[in-house]
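Here's the structure, in C-alpha cells; my notes come after.
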Amino acid sequence: MLDTGVTAWMLVSASLVLLMTPGLAFFYGGMVRGKSVLNMMMMSFGAIAVVGVIYVLWGWSMSYGSSVGGIFGNPFDQFGLGGSFDPVTVLNEDTGAFMPTIVDVGFQATFAIITVALVSGAIADRVKFGSWMVFAAVWVTLSYFPLAHMVWGGGLLSDEGPFVFGDAAPIDFAGGTVVHINAGVAALVLALVVGKRKGFGTEPMRPHNLPFVMLGAALLWFGWFGFNGGSAYGADEAAGLAWVNTTTATAAAILGWLLTEKIRDGHATSLGAASGVVAGLVAITPAAGDVSPLGAIVVGAVAGALSALAVGLKYRFGYDDSLDVVGVHLVAGLWGTVALGFLATETGLFYGGGLAQLGVQVVIALVAIAFSAVVTLVVALAVKATLGWRVTEESEVGGIDLAVHGETAYETIAQGSVIKEVRA
Amino acid sequence: MLDTGVTAWMLVSASLVLLMTPGLAFFYGGMVRGKSVLNMMMMSFGAIAVVGVIYVLWGWSMSYGSSVGGIFGNPFDQFGLGGSFDPVTVLNEDTGAFMPTIVDVGFQATFAIITVALVSGAIADRVKFGSWMVFAAVWVTLSYFPLAHMVWGGGLLSDEGPFVFGDAAPIDFAGGTVVHINAGVAALVLALVVGKRKGFGTEPMRPHNLPFVMLGAALLWFGWFGFNGGSAYGADEAAGLAWVNTTTATAAAILGWLLTEKIRDGHATSLGAASGVVAGLVAITPAAGDVSPLGAIVVGAVAGALSALAVGLKYRFGYDDSLDVVGVHLVAGLWGTVALGFLATETGLFYGGGLAQLGVQVVIALVAIAFSAVVTLVVALAVKATLGWRVTEESEVGGIDLAVHGETAYETIAQGSVIKEVRA
Amino acid sequence: MLDTGVTAWMLVSASLVLLMTPGLAFFYGGMVRGKSVLNMMMMSFGAIAVVGVIYVLWGWSMSYGSSVGGIFGNPFDQFGLGGSFDPVTVLNEDTGAFMPTIVDVGFQATFAIITVALVSGAIADRVKFGSWMVFAAVWVTLSYFPLAHMVWGGGLLSDEGPFVFGDAAPIDFAGGTVVHINAGVAALVLALVVGKRKGFGTEPMRPHNLPFVMLGAALLWFGWFGFNGGSAYGADEAAGLAWVNTTTATAAAILGWLLTEKIRDGHATSLGAASGVVAGLVAITPAAGDVSPLGAIVVGAVAGALSALAVGLKYRFGYDDSLDVVGVHLVAGLWGTVALGFLATETGLFYGGGLAQLGVQVVIALVAIAFSAVVTLVVALAVKATLGWRVTEESEVGGIDLAVHGETAYETIAQGSVIKEVRA
Amino acid sequence: MSKLVTGVIQPHRLDDVKSALEAAGVRGMTVSEASGYGRQKGHTEVYRGAEYTVDLVPKVRVEVLVADEDAAAVVDVVVGAAQTGKIGDGKVWVVHVEDVARVRTGEHGDSAL
Amino acid sequence: MSKLVTGVIQPHRLDDVKSALEAAGVRGMTVSEASGYGRQKGHTEVYRGAEYTVDLVPKVRVEVLVADEDAAAVVDVVVGAAQTGKIGDGKVWVVHVEDVARVRTGEHGDSAL
Amino acid sequence: MSKLVTGVIQPHRLDDVKSALEAAGVRGMTVSEASGYGRQKGHTEVYRGAEYTVDLVPKVRVEVLVADEDAAAVVDVVVGAAQTGKIGDGKVWVVHVEDVARVRTGEHGDSAL
Ligand SMILES: Nc1ncnc2c1ncn2[C@@H]1O[C@H](COP(=O)(O)OP(=O)(O)O)[C@@H](O)[C@H]1O
Ligand SMILES: Nc1ncnc2c1ncn2[C@@H]1O[C@H](COP(=O)(O)OP(=O)(O)O)[C@@H](O)[C@H]1O
Ligand SMILES: Nc1ncnc2c1ncn2[C@@H]1O[C@H](COP(=O)(O)OP(=O)(O)O)[C@@H](O)[C@H]1O
C-alpha cells in the first residue's frame with residue numbers, strides 16, 4: 001500500500017534539501033567581497049541548473065542502476081528514468097508499504113546538486129563561469145554518482161560490500177562520505193590546481209555581508225532537516241531521532257566554535273556561530289540515525305571546536321581554500337564518520353562494541369578520500385589544460401561580477417549611467 | 001477515512017505557497033531602485049492582507065460555490081465558509097479517503113494571494129498604495145475567482161466545460177491560465193493604463209540588490225513545490241512527478257536563459273539565472289502532472305530562451321511593464337499551456353495524440369486572455385477615474401518609499417535626524 | 001499503529017518552528033542600527049545553541065516529566081531522554097494511532113528556543129553576550145519549562161488544574177501564555193533592570209534595513225504554520241482550521257496596524273506591515289484551534305490596532321523595550337488569550353457560553369504574568385549582581401558588534417585593513 | 001596654475017551636468033555622495049510611532065580641476081545644467097589650486113588636467 | 001569673497017555641530033561620510049582566525065561656505081561643538097574661496113551663501 | 001600656514017599610499033569614497049536586455065593637511081605610491097589652507113596637524 005505519510009515526508013524532505021543550495025549561495029555569497037558575491041552565488045545556481053538536468057538523464061541510473069563492479073551504476077540502465085526504472089520503492093517488506101520511486105529521484109537529485117555547489121567555496125572570486133559549469137557536469141558524473149552508488153546503491157562501501165567486519169557494517173546515514181568528505185577533498189584538490197587569489201593572506205578579504213552568512217546558515221540548517229530526516233526513508237522514530245540529533249549536535253557545535261574563538265581570539269563572532277552551525281550539521285550527517293542525543297552533543301561540540309581550529313590551516317600551508325570547505329566539510333565530515341566508531345549506539349567502542357566499527361569507518365573514509373582525490377585531480381587538470389580555470393588578474397582585482405557576469409550586486413547612488421542600447 | 005499523509009502534504013503545500021508571496025516581494029524588491037523597494041514589497045504584503053481576509057469571506061465561495069453559468073461561484077453560497085460548505089473533501093471514491101476541506105481553503109487562498117501580487121511588478125515605483133489595495137480587492141473578486149471557478153471549479157474551462165475535444169480535455173495542472181496568463185494579461189493592461197515611469201527607457205533603473213532577487217527566486221522555487229506538488233491533491237506518484245518536473249524544467253530554464261544571454265549579450269547574468277528560475281517554474285505550472293521529466297526539460301529550456309528574448313519587447317513597444325510580468329509570466333505561461341498540446345504524455349501531438357489537445361489548449365488560453373483583459377481594463381479604468389493611479393512626479397523622483405510610506409529602506413550614516421515627536 | 005501522516009506533519013512543524021528563530025534574528029536584526037545587527041542576531045543564535053543542548057538534557061523532563069506540585073516536571077525523571085521516557089505518544093486511544101515521542105521532543109524544543117530569543121528584543125544594543133547566554137540558560141529553566149509544564153504538561157494551568165469553571169477549561173492552543181505573555185513580561189522586567197540605551201528617546205535609532213525586517217516577518221509567518229498547525233498534534237481538521245485562522249488573523253492584523261498608522265501618522269509603513277504580521281500571529285496563537293475564521297478576523301484586526309497603539313507606550317513610561325516585545329508580544333498575547341473568552345466557538349461569551357471562559361482566561365493570564373515577572377526579576381537581578389548586564393558606554397556608542405564580537409556586519413570600500421596575524 | 005570648481009547639486013541632475021561638462025570640453029571630474037542642509041526642507045519618517053526629522057537631503061558633489069581661464073565658464077556650465085529653479089539646487093564654488101599632478105605620468109601643471 | 005570651512009569630526013557629534021551652526025546663524029552646509037587615519041587607534045577584526053587591522057575610523061565631513069568675516073567664528077563654533085576631548089576629535093580647516101554661485105538663481109558672491 | 005594635498009587614486013592603491021605617507025612622517029589623513037570620470041573607460045552592464053553604460057569608476061580620495069614646506073614632498077609620495085602607469089591612476093592637487101584647528105585641543109596652526 002502507498003504510504004502517504006512517508007511520501008509526504010519525502011516530498012517535503014526533497015523540497016528542503018533543494019532549498020539548501022540557495023542557502024549555500026547566501027552562506028558563501030555573504031562571505032566573499034562585495035565585488036564577487038554574484039559570481040559566488042552563480043556557482044551554486046549553476047550547479048542546480050546543470051545537475052538538475054543531468055540527474056534525470058544519467059544521474060539516477062549511475063547511482064542506483066545495475067552495478068558495474070560495485071563502483072557505479074550503468075548509466076544506460078535507467079537513462080532518462082526509463083529502461084528498468086521501477087516506479088515503486090518498497091519501504092517495508094512485511095507490510096508492503098511503498099512510496100513512488102519518482103519521489104526518491106527528486107530527493108536524491110538534491111543531494112547531488114548541493115554536493116557540487118559545496119565545492120565552489122574553495123575557488124571563490126577567480127574562476128571562469130564556463131569552466132565551473134563544465135567541471136560541475138563532469139565531476140558529478142565521475143565522482144559523485146559513483147560514490148553515491150558505492151555507499152547507498154549497494155556498492156563497494158555499502159553493507160553489501162567487502163568492508164563488513166562482523167557486526168560492523170559501514171555507516172553513512174546521510175552522506176558523510178558521499179557528500180562532505182567528497183566535497184571537502186575535491187575542494188582541496190581544486191584549491192591547489194586553481195591556485196591562490198591575488199593578495200591571499202595579505203590583502204583584506206573580509207565577508208561583505210555577515211547577515212547574509214547567517215541567513216545562509218539558517219536556510220542550510222532548515223534544509224538539513226530534510227537531508228538527515230529524509231534519509232530515514234520513513235516518517236517514524238528513526239526520522240525523529242535524526243531530527244533531534246541534527247538540532248542537538250548543531251546547537252552544541254555553535255557552542256564549541258564560539259568557546260574556541262572566545263578563548264583564542266577574545267571574541268565570539270557571528271561568523272563563528274554561522275560556521276559552527278555548518279560544522280555541526282556536517283558532523284552529524286553520517287551519524288544522525290545511529291547515535292543518541294547525548295552522543296550528538298559530543299559529535300557537535302567536538303566538530304565545532306575542531307573546525308574552528310582547522311580553518312586557519314590554509315594560511316599555514318598556503319592553499320587558498322577560500323571559504324574553508326576543507327576546514328569545515330572535510331574535517332567535520334571525517335570527524336562525524338569516524339566518531340561513529342566510538343558513539344554508534346549499536347556497535348560503537350563506547351557502547352561496548354569493540355574496535356570493528358571504528359575500523360570500518362576509517363576504511364570507508366580513506367577509500368572515499370582516495371577516490372575523490374584521484375577523480376577530482378584528473379578532472380581539474382583536464383579543465384585547466386583545455387578551458388583554463390582563471391579569469392585575468394585584472395578581472396579578479398576589478399571584480400569578477402563585473403568581468404564575468406556584466407553586473408554589480410548593489411546599486412550605488414553616484415553610479416552615473418544611462419541606457420545605451422536595448423536588445424529585444 | 002482521513003488520509004493524514006495527504007492532509008499533511010496539503011498543509012505543507014499551503015504553507016509553501018504562502019511563502020511565495022514574500023519571496024516575490026524580494027524578487028521584485030531587489031529589482032527596483034533602492035528608493036522604491038519598500039513600496040514594491042508592500043504591494044505583495046498588501047495583497048496578502050487584502051486577499052487573506054477576502055478569501056474566507058467570499059473568495060472560496062466564488063471559486064467553488066454553486067456555479068453561476070460556469071463563470072463564477074455564488075459568493076453567498078458558502079460565504080464565510082458557512083452555508084453549504086462541506087467540511088470533507090473525498091480524495092478517492094473507492095477507498096473513501098478524504099481530507100478536511102478547510103485545508104483546501106488554505107491552499108487555494110495562497111494561490112489567489114500570489115496571483116494578485118504577481119501583477120504588481122508591472123506598475124513598480126509609481127502608484128498610490130491605496131489604489132493598489134482597492135484594485136487588489138476588486139480584481140481578485142472579478143478576475144481571479146471567476147477564472148479559478150472556470151478552470152478548477154467545474155466551470156467553462158474545466159473538463160466539464162464545452163472545450164473537450166474527444167480525449168482532449170483542457171489541462172491546467174496548477175495554474176497556467178488562472179495564475180500566470182491571468183496575471184500577465186492584467187500586468188499588460190495595467191502597464192498601459194497606468195503609464196510609464198518618468199525616465200523609462202532612458203534613465204538607469206537597475207536592480208538595487210541582486211542578492212535579494214536571488215533570494216526571492218529561491219523562495220519562489222521552494223514554495224512552488226507546494227504550488228505544483230500540492231496540485232496533485234495527493235502524496236503519491238503524481239505529486240512526485242510534479243516535483244521532479246518542476247525541478248528539471250526550472251534547471252533547464254536557467255540554462256536556456258543563460259545561454260540566450262551569453263550568445264546575445266556576451267554575459268550570463270545572475271539576474272538572468274533568477275529570471276530563468278521563474279520562467280521555468282511558470283512554464284511547467286500547467287504541465288507538471290502531464291509531461292515526462294524529459295518533456296519537462298524541453299518545456300523549461302524553451303521557456304528560458306523565450307522569456308529572455310521577450311523581456312526586451314517592452315522597450316520596442318514602449319509599455320513600461322517594469323519588472324517583466326508580461327515577458328516572464330504571460331509568455332512562459334502561454335508557452336507552458338500550449339506546450340501541452342505537443343508534450344502531454346497521454347494526448348500530446350508528439351505522443352501520437354493528434355492536434356486535439358493543442359487546439360483545446362490554445363482555446364482555453366485565448367479565453368483566459370480575453371476574460372482577464374476585459375475585466376482588468378474595466379477595473380483599472382475605474383480606479384483611474386476615481387482614486388487615480390499615480391503618485392506625483394516629485395514623489396516618483398524623490399522616491400515613493402519616502403513619499404508614500406514615510407520610510408527609507410536603509411539607514412545611512414550621515415542621516416542627520418532626531419526624534420521629534422512620539423505618538424503613543 | 002504508527003500514524004506516518006501525523007508524524008510527517010509534526011516533523012515538518014518542528015522544522016518550521018526551528019526556522020522561526022533565525023527569522024526572528026532578521027526581524028530584530030533589521031530593526032536595530034547597522035552597528036549592532038550582529039549582536040542582535042547572535043542573541044537569537046545563542047538562544048538556539050544554549051536551549052538546543054539544554055532541552056534534551058533537562059528541558060523535556062522539566063516540561064513533561066513527573067509533576068512536582070503541578071509547577072514543574074522533575075528534571076531527573078527523564079533526564080537526557082532516559083529514565084521513564086516513553087518512546088510512544090498515543091494520539092488516539094480508540095484507534096491506537098501513535099507518533100514517536102522523540103518527534104514531540106524536537107517540536108517542543110523549538111518552542112523553548114524561540115521564547116527565549118523573543119525576550120532579547122527588549123535589551124538590544126547594550127548587553128554583554130556572556131550575560132545573555134547565562135540568562136538564557138537559567139531563565140528557560142526557571143520560567144519557561146515550569147510554565148510549559150503548568151499549561152501543557154498537565155500542571156496548574158491545564159485542564160487538569162484548579163482553574164476549570166464548569167465547561168470552561170483554560171485554553172492556550174499554541175502558547176499565548178507560555179510563549180508570548182511569558183516572553184513579554186520577561187522583556188518588560190529585563191528592560192527595567194538593564195536600563196535604557198544611551199540616547200533613548202532623543203537620538204535616532206531607526207531600523208537599518210527594513211527589507212530584513214520584512215524577511216524576518218515572512219519567515220516567522222511561515223514557521224508559525226508549524227507553531228500553530230503542529231499544535232493540533234494531528235494532520236486533520238483541527239490543524240487545517242489552525243492554519244486558516246493563522247493566515248486570516250494575520251492578514252487582518254496587517255490591515256489593522258496599517259489603518260491605525262494611516263489615520264494617526266498619515267502613512268502606512270512597511271515596518272507597520274511587518275509588525276502587524278507578528279501581532280496577528282501572536283494574538284491567534286492561543287486561539288487558533290478554538291475560533292472560527294470569522295472570529296480570527298476579529299482577533300487579528302484588533303491585535304493589529306492594539307499593538308500599533310501600544311508600541312508608543314515605552315516612550316511615555318520611559319522604559320527602553322527596544323524592539324517592542326511588550327507592545328507586540330505581551331499586548332497581543334494578552335488580547336488573544338482573553339479574546340477566547342468572547343470568541344471561543346464552544347464556550348465563548350459571543351457564542352452563548354457565558355462569562356466562565358472569560359474568567360478562566362483572565363486568571364491564567366494573570367498567573368502567567370505573576371509567575372514570569374517574579375522569576376525573571378530574580379534571575380535578572382542575579383545576573384546584574386554577578387556578571388553585570390551592560391557593555392561600556394563607549395562600546396555602545398562605537399557599536400556593540402565591534403566591541404563584543406570583533407566584527408562589523410558590512411564591508412565598506414574604504415575600510416583600509418590588512419591581515420596582521422593568523423591563528424591556526 | 002589652475003582652479004578647483006566644486007558643485008553640490010541635486011542627484012538627479014548629475015547626468016545632465018556630466019553631459020554639459022563633456023560638451024564644454026572638460027575631460028575629467030570626480031564625483032561623490034553628500035548630504036545637504038539648507039533652505040530645502042528635509043522630511044519626516046515615522047517608525048512605530050516615533051517621528052524622526054531628517055533634515056539632510058541627498059546631494060552629489062562634483063569636482064572639476066580646470067585651467068585658470070576656464071573656471072568662470074565651467075561654473076556657468078554647472079549652474080546651467082544643474083538648475084531646476086527649485087529650492088535645494090545647490091552651490092558651486094571655486095578654489096585656487098597651487099599645483100596639480102597626474103598620478104599616471106607624474107606630470108604637473110595644466111597638462112596634468 | 002568667502003571661505004570654505006571644512007570640519008572632519010566624530011560622527012556622533014554631527015547633530016550637535018549642526019545645531020550649533022544653526023544657532024550661530026549658518027543657513028547651509030554640506031555633509032559627507034569619511035574615514036580618518038591619525039593618532040586614534042583603529043581596531044582589530046577576526047574572521048575565521050585571520051586577524052585584520054582596520055586603521056581607518058569613521059568620520060563625518062562638514063563643509064560650510066561663509067563670508068570672509070565669519071570664518072574664524074564658524075571655526076570656533078565647529079571646534080566647540082565637536083569637542084569631546086578624546087583623541088580622534090578631528091580637524092577643522094579654512095580655505096579661501098574665489099567665487100560662490102547659487103545654482104537655483106545663478107547669483108554670485110556672498111548673497112549666494 | 002599649511003597646505004591641503006588631495007589625491008584621487010585607484011582604490012586598490014590605498015594601502016600602499018597609506019604606508020608611504022606614514023613612512024614619510026605624515027601622521028594623519030582623511031579618506032573618502034569617490035567616483036571618477038575621465039580617460040579611463042567605464043563599463044557596460046546588461047539587465048534583462050537593457051544595456052547600461054556606467055562611465056564612473058570607483059576611486060578613493062585621500063586628503064592630507066601638511067605644513068607648507070612639506071607639500072611638494074607629500075605630492076611626490078602620493079604620486080609615487082599610487083602610480084601603476086595605467087590610465088585612471090588619478091590626480092593629486094594642492095590647495096592653500098589659511099588656518100587649521102585641532103578639535104580636541106582647539107590649538108591652531110602647524111601644531112594642529
Ligand atoms: N553655506 C553653505 N555651505 C555649504 N553648503 C551649502 C551652504 N548652503 C547650502 N549648501 C548646500 O547647497 C544645498 C542647497 O541649499 P539650499 O539652501 O537648500 O537651497 P538653495 O541653494 O537653492 O537656496 C544644500 O543642501 C547644501 O548641500
Ligand atoms: N594631517 C591630516 N590631514 C588630514 N586629516 C587629518 C590629518 N590629521 C588628522 N586628520 C583627521 O582628523 C582625525 C583625528 O585625528 P587624530 O590624529 O586621530 O586625533 P586628534 O586630532 O584628536 O589628535 C583623523 O581621523 C583624520 O580624519
Ligand atoms: N579635471 C579633473 N577634475 C577632477 N578630477 C579629475 C579630472 N580629471 C581626472 N580626474 C580624476 O582622475 C581620475 C583619473 O583620470 P583619467 O583621465 O581616467 O586618467 P589619467 O589621469 O590617468 O589620465 C578620474 O577618474 C577622476 O576621478
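Ordering of the C-alpha cells sets the chain letters (A, B, ...), residue numbers begin anew at 1 in every chain, and ligands are numbered from 1 in the order given.
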**OP:** Counting only C-alpha atoms, collect the residues of chain E whose closest atom lies at most 7 Å from chain F, and write them out as a PyMOL selection string.
**Re:** chain E and resi 33-38+79+82-87+89-95
Subject >> Contact set, chain A to chain B: 7 Å, only C-alpha atoms, as a PyMOL selection string >> reply: chain A and resi 4-5+7-8+11+15+19+22+38+42+48-50+52-53+80+100+102-103+106+404-407+409-411+417-419+422-424
Mind dumping the selected residues with N, CA and C atoms as an mmCIF file, in the first residue's frame?
```
data_model
loop_
_atom_site.group_PDB
_atom_site.id
_atom_site.type_symbol
_atom_site.label_atom_id
_atom_site.label_comp_id
_atom_site.auth_asym_id
_atom_site.auth_seq_id
_atom_site.Cartn_x
_atom_site.Cartn_y
_atom_site.Cartn_z
ATOM 1 N N THR A 4 1.157 7.228 2.344
ATOM 2 C CA THR A 4 1.097 8.655 2.003
ATOM 3 C C THR A 4 1.856 9.501 3.020
ATOM 4 N N GLY A 5 1.948 9.029 4.261
ATOM 5 C CA GLY A 5 2.681 9.791 5.269
ATOM 6 C C GLY A 5 4.157 9.859 4.925
ATOM 7 N N THR A 7 5.476 9.281 1.997
ATOM 8 C CA THR A 7 5.623 10.001 0.731
ATOM 9 C C THR A 7 5.578 11.508 0.960
ATOM 10 N N ALA A 8 4.650 11.934 1.811
ATOM 11 C CA ALA A 8 4.573 13.359 2.128
ATOM 12 C C ALA A 8 5.888 13.842 2.726
ATOM 13 N N LEU A 11 8.571 14.053 0.068
ATOM 14 C CA LEU A 11 8.373 15.217 -0.804
ATOM 15 C C LEU A 11 8.858 16.487 -0.101
ATOM 16 N N SER A 15 12.140 18.927 -0.972
ATOM 17 C CA SER A 15 11.999 20.379 -1.099
ATOM 18 C C SER A 15 12.984 21.088 -0.183
ATOM 19 N N LEU A 19 16.305 23.573 -1.177
ATOM 20 C CA LEU A 19 16.494 24.931 -0.652
ATOM 21 C C LEU A 19 17.903 25.139 -0.091
ATOM 22 N N PRO A 22 20.437 27.252 -2.627
ATOM 23 C CA PRO A 22 20.374 28.707 -2.486
ATOM 24 C C PRO A 22 20.831 29.167 -1.099
ATOM 25 N N LEU A 38 28.018 37.942 -6.648
ATOM 26 C CA LEU A 38 27.126 37.347 -7.648
ATOM 27 C C LEU A 38 27.753 36.097 -8.253
ATOM 28 N N MET A 42 26.286 32.468 -8.272
ATOM 29 C CA MET A 42 26.038 31.820 -9.560
ATOM 30 C C MET A 42 26.662 30.425 -9.619
ATOM 31 N N ILE A 48 22.823 23.918 -9.574
ATOM 32 C CA ILE A 48 21.423 23.472 -9.616
ATOM 33 C C ILE A 48 21.004 23.204 -11.059
ATOM 34 N N ALA A 49 21.365 24.144 -11.944
ATOM 35 C CA ALA A 49 20.917 24.050 -13.331
ATOM 36 C C ALA A 49 21.510 22.818 -14.015
ATOM 37 N N VAL A 50 22.820 22.672 -13.908
ATOM 38 C CA VAL A 50 23.490 21.578 -14.612
ATOM 39 C C VAL A 50 23.090 20.227 -14.030
ATOM 40 N N GLY A 52 20.625 19.515 -12.064
ATOM 41 C CA GLY A 52 19.179 19.290 -12.135
ATOM 42 C C GLY A 52 18.757 18.616 -13.423
ATOM 43 N N VAL A 53 19.413 18.970 -14.507
ATOM 44 C CA VAL A 53 19.085 18.337 -15.789
ATOM 45 C C VAL A 53 19.753 16.964 -15.907
ATOM 46 N N GLY A 80 17.288 8.504 -18.412
ATOM 47 C CA GLY A 80 16.054 9.289 -18.555
ATOM 48 C C GLY A 80 14.898 8.717 -17.762
ATOM 49 N N PRO A 100 6.399 6.048 -4.106
ATOM 50 C CA PRO A 100 6.732 6.122 -5.523
ATOM 51 C C PRO A 100 8.225 6.427 -5.683
ATOM 52 N N ILE A 102 9.726 7.874 -7.988
ATOM 53 C CA ILE A 102 9.984 9.202 -8.546
ATOM 54 C C ILE A 102 10.250 10.226 -7.438
ATOM 55 N N VAL A 103 9.639 10.008 -6.279
ATOM 56 C CA VAL A 103 9.893 10.909 -5.151
ATOM 57 C C VAL A 103 11.350 10.775 -4.700
ATOM 58 N N GLY A 106 13.687 12.694 -6.957
ATOM 59 C CA GLY A 106 13.782 14.101 -6.593
ATOM 60 C C GLY A 106 14.676 14.303 -5.378
ATOM 61 N N VAL A 404 32.791 38.913 -15.414
ATOM 62 C CA VAL A 404 32.223 37.670 -15.937
ATOM 63 C C VAL A 404 30.722 37.779 -16.182
ATOM 64 N N HIS A 405 30.017 38.440 -15.277
ATOM 65 C CA HIS A 405 28.565 38.477 -15.408
ATOM 66 C C HIS A 405 28.032 39.817 -15.905
ATOM 67 N N GLY A 406 28.925 40.800 -16.019
ATOM 68 C CA GLY A 406 28.475 42.099 -16.505
ATOM 69 C C GLY A 406 27.517 42.793 -15.562
ATOM 70 N N GLU A 407 27.640 42.499 -14.269
ATOM 71 C CA GLU A 407 26.711 43.048 -13.283
ATOM 72 C C GLU A 407 27.469 43.462 -12.030
ATOM 73 N N ALA A 409 26.488 43.812 -7.787
ATOM 74 C CA ALA A 409 25.422 43.310 -6.918
ATOM 75 C C ALA A 409 24.501 44.401 -6.404
ATOM 76 N N TYR A 410 25.084 45.555 -6.118
ATOM 77 C CA TYR A 410 24.320 46.594 -5.455
ATOM 78 C C TYR A 410 24.389 47.895 -6.243
ATOM 79 N N GLU A 411 23.299 48.592 -6.256
ATOM 80 C CA GLU A 411 23.222 49.923 -6.855
ATOM 81 C C GLU A 411 23.966 50.899 -5.941
ATOM 82 N N SER A 417 24.928 56.531 -15.113
ATOM 83 C CA SER A 417 24.749 55.601 -16.203
ATOM 84 C C SER A 417 23.457 55.900 -16.921
ATOM 85 N N VAL A 418 23.454 55.623 -18.194
ATOM 86 C CA VAL A 418 22.229 55.766 -18.964
ATOM 87 C C VAL A 418 22.014 54.497 -19.768
ATOM 88 N N ILE A 419 20.786 54.268 -20.141
ATOM 89 C CA ILE A 419 20.522 53.123 -21.021
ATOM 90 C C ILE A 419 21.079 53.438 -22.393
ATOM 91 N N VAL A 422 19.114 48.611 -26.203
ATOM 92 C CA VAL A 422 18.223 47.575 -25.703
ATOM 93 C C VAL A 422 18.116 46.498 -26.761
ATOM 94 N N ARG A 423 18.289 45.288 -26.350
ATOM 95 C CA ARG A 423 18.216 44.193 -27.328
ATOM 96 C C ARG A 423 16.955 43.384 -27.078
ATOM 97 N N ALA A 424 16.121 43.332 -28.057
ATOM 98 C CA ALA A 424 14.859 42.607 -27.850
ATOM 99 C C ALA A 424 14.751 41.466 -28.870
#
```
Do you have, as CSV, the list of residues of chain F lying at most 7 Å from chain A, each with its nearest atom pair and that distance in Å to one decimal, counting only C-alpha atoms and ordered by chain then number?
```
residue,atom,partner,partner_atom,distance
F:Thr44,CA,A:Gly406,CA,6.8
F:Glu45,CA,A:Gly406,CA,4.9
F:Val46,CA,A:Gly406,CA,6.3
F:Gly49,CA,A:Arg423,CA,5.1
F:Ala50,CA,A:Val422,CA,4.4
F:Glu51,CA,A:Glu421,CA,5.1
F:Tyr52,CA,A:Ile419,CA,4.5
F:Thr53,CA,A:Ser417,CA,5.1
F:Val54,CA,A:Ser417,CA,4.4
F:Asp55,CA,A:Gly416,CA,6.3
F:Leu56,CA,A:Gly416,CA,5.9
```
Can you spit out the residues from that selection as a CSV table (one decimal), in the first residue's frame, using all heavy atoms?
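Result file selection_24.csv:
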```
chain,number,residue,atom,x,y,z
F,44,THR,N,30.1,48.4,-19.2
F,44,THR,CA,28.7,48.2,-19.6
F,44,THR,C,28.1,47.1,-18.8
F,44,THR,O,28.7,46.1,-18.5
F,44,THR,CB,28.7,47.7,-21.1
F,44,THR,OG1,29.2,48.9,-21.9
F,44,THR,CG2,27.4,47.3,-21.6
F,45,GLU,N,26.8,47.3,-18.4
F,45,GLU,CA,26.1,46.3,-17.6
F,45,GLU,C,24.8,46.0,-18.4
F,45,GLU,O,24.2,46.9,-19.0
F,45,GLU,CB,25.8,46.8,-16.2
F,45,GLU,CG,27.0,47.1,-15.4
F,45,GLU,CD,26.8,47.6,-14.0
F,45,GLU,OE1,25.6,47.5,-13.5
F,45,GLU,OE2,27.7,48.1,-13.4
F,46,VAL,N,24.4,44.8,-18.4
F,46,VAL,CA,23.2,44.4,-19.1
F,46,VAL,C,22.2,43.8,-18.1
F,46,VAL,O,22.5,42.8,-17.4
F,46,VAL,CB,23.4,43.4,-20.2
F,46,VAL,CG1,22.2,43.2,-21.0
F,46,VAL,CG2,24.5,43.9,-21.1
F,49,GLY,N,18.4,42.6,-21.0
F,49,GLY,CA,18.4,43.1,-22.3
F,49,GLY,C,18.6,44.6,-22.5
F,49,GLY,O,18.7,45.1,-23.6
F,50,ALA,N,18.6,45.3,-21.3
F,50,ALA,CA,18.8,46.8,-21.4
F,50,ALA,C,20.3,47.0,-21.0
F,50,ALA,O,20.7,46.6,-20.0
F,50,ALA,CB,17.9,47.5,-20.5
F,51,GLU,N,21.0,47.6,-21.9
F,51,GLU,CA,22.4,47.8,-21.7
F,51,GLU,C,22.7,49.2,-21.1
F,51,GLU,O,22.2,50.2,-21.6
F,51,GLU,CB,23.1,47.8,-23.1
F,51,GLU,CG,24.6,47.5,-23.0
F,51,GLU,CD,25.2,47.2,-24.3
F,51,GLU,OE1,24.8,46.3,-25.0
F,51,GLU,OE2,26.1,48.0,-24.7
F,52,TYR,N,23.3,49.2,-19.9
F,52,TYR,CA,23.6,50.4,-19.2
F,52,TYR,C,25.1,50.7,-19.4
F,52,TYR,O,25.9,49.9,-19.3
F,52,TYR,CB,23.3,50.3,-17.7
F,52,TYR,CG,21.9,50.1,-17.4
F,52,TYR,CD1,20.9,50.0,-18.3
F,52,TYR,CD2,21.5,50.1,-16.0
F,52,TYR,CE1,19.5,49.8,-18.0
F,52,TYR,CE2,20.1,50.0,-15.7
F,52,TYR,CZ,19.2,49.8,-16.7
F,52,TYR,OH,17.9,49.7,-16.3
F,53,THR,N,25.4,52.0,-19.6
F,53,THR,CA,26.8,52.4,-19.7
F,53,THR,C,27.1,53.1,-18.3
F,53,THR,O,26.5,54.1,-18.0
F,53,THR,CB,27.0,53.5,-20.8
F,53,THR,OG1,26.4,53.0,-21.9
F,53,THR,CG2,28.5,53.8,-21.0
F,54,VAL,N,28.0,52.6,-17.6
F,54,VAL,CA,28.5,53.2,-16.4
F,54,VAL,C,29.8,53.8,-16.6
F,54,VAL,O,30.8,53.2,-16.9
F,54,VAL,CB,28.6,52.1,-15.3
F,54,VAL,CG1,29.1,52.7,-14.0
F,54,VAL,CG2,27.2,51.4,-15.1
F,55,ASP,N,29.8,55.2,-16.7
F,55,ASP,CA,31.1,55.8,-17.0
F,55,ASP,C,31.8,56.4,-15.8
F,55,ASP,O,32.8,57.0,-16.0
F,55,ASP,CB,30.9,56.9,-18.1
F,55,ASP,CG,29.7,57.8,-17.8
F,55,ASP,OD1,29.3,57.8,-16.6
F,55,ASP,OD2,29.2,58.5,-18.7
F,56,LEU,N,31.3,56.1,-14.6
F,56,LEU,CA,32.0,56.5,-13.4
F,56,LEU,C,32.7,55.3,-12.9
F,56,LEU,O,32.2,54.2,-12.9
F,56,LEU,CB,31.1,57.0,-12.4
F,56,LEU,CG,30.4,58.3,-12.7
F,56,LEU,CD1,29.3,58.7,-11.7
F,56,LEU,CD2,31.4,59.4,-12.9
```
**OP:** State, in Å with one decimal place, the distance from atom CA of Met1 of chain A to atom CA of Asp104 of chain C.
**Re:** 26.5 Å
**OP:** Using DSSP on the backbone, list every residue of segment 57-103 of chain D that comes out as helix (DSSP H, G or I), and give them as a list in words.
**Re:**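 Secondary structure check on segment 57-103 of chain D, helix (DSSP H, G or I): Asp68, Glu69, Asp70, Ala71, Ala72, Ala73, Val74, Val75, Asp76, Val77, Val78, Val79, Gly80, Ala81 and Ala82 of chain D.
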